[in-house]
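In what follows, a structure is listed as structure tokens, so that the remarks can point back to it.
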Amino acid sequence: MRPPILYLTVAFGAGLFTALSGLDLRVTAWCVLAGVALVHRRAPVGAASGLMLVVGWLWGPAAQRERAVTRAGQGGRHGV
């Protein structure tokens with residue numbers, strides 16, 4: 001069976017988008033992790049998708065800090 005990389009990528013992207021949008025979902029992230037712990041044997045793809053959602057959500061603040069430090073997306077020329 002091939003790994004369902006598309007599902008994992010979409011889940012990571014959803015978590016990242018949520019974090020970059022400024023939503024605070026700490027309780028939801030803990031609930032998802034509890035669900036991952038409960039279903040990881042019976043539904044490994046679902047558990048992996050939930051885990052990737054939380055990882056994407058955790059990656060968001062680091063991406064925001066990096067964007068602020070490097071000023072990415074603010075134009076290369078001054079005065080533009």
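Order determines the names: the first chain of the structure tokens is A, the second B, and so forth; residues in each chain are numbered 1 upward, and ligands are numbered 1 upward as they are shown.
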* To do: Write out as an MDAnalysis selection string all residues of stretch 3-68 of chain A that DSSP puts in helix (DSSP H, G or I) for this structure's backbone.
  => chainID A and resid 5:20 26:39 44:68
* Long-range neighbours of stretch 2-13 of chain A as an NGL selection string, 8 Å cut-off, only C-alpha atoms, 2 positions minimum in chain -> :A and (15-17 or 45 or 48-50 or 52-57)
* Asked: Can you tell me how far atom CA of A:Val69 sits from atom CA of A:Thr18, in Å to one decimal?
  ->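 Computing it gives 20.8 Å between the two atoms.
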* Using only C-alpha atoms, which of A:Ala63, A:Ala47, A:Leu58, A:Leu23 sits nearest A:Gly35? ->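 Distance minimum relative to A:Gly35 lands on A:Ala47.
Atom CA of A:Trp59 is positioned 17.9 Å from atom CA of A:Cys31.
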* Structure fact -> Shortest contact to A:Ala14, candidates A:Val27, A:Val36, A:Leu51, A:Ala62, atoms counted only C-alpha atoms, goes to A:Leu51
* Structure fact -> In Å and to one decimal, atom CA of A:Val32 is distant from atom CA of A:Ala68 by 29.1 Å
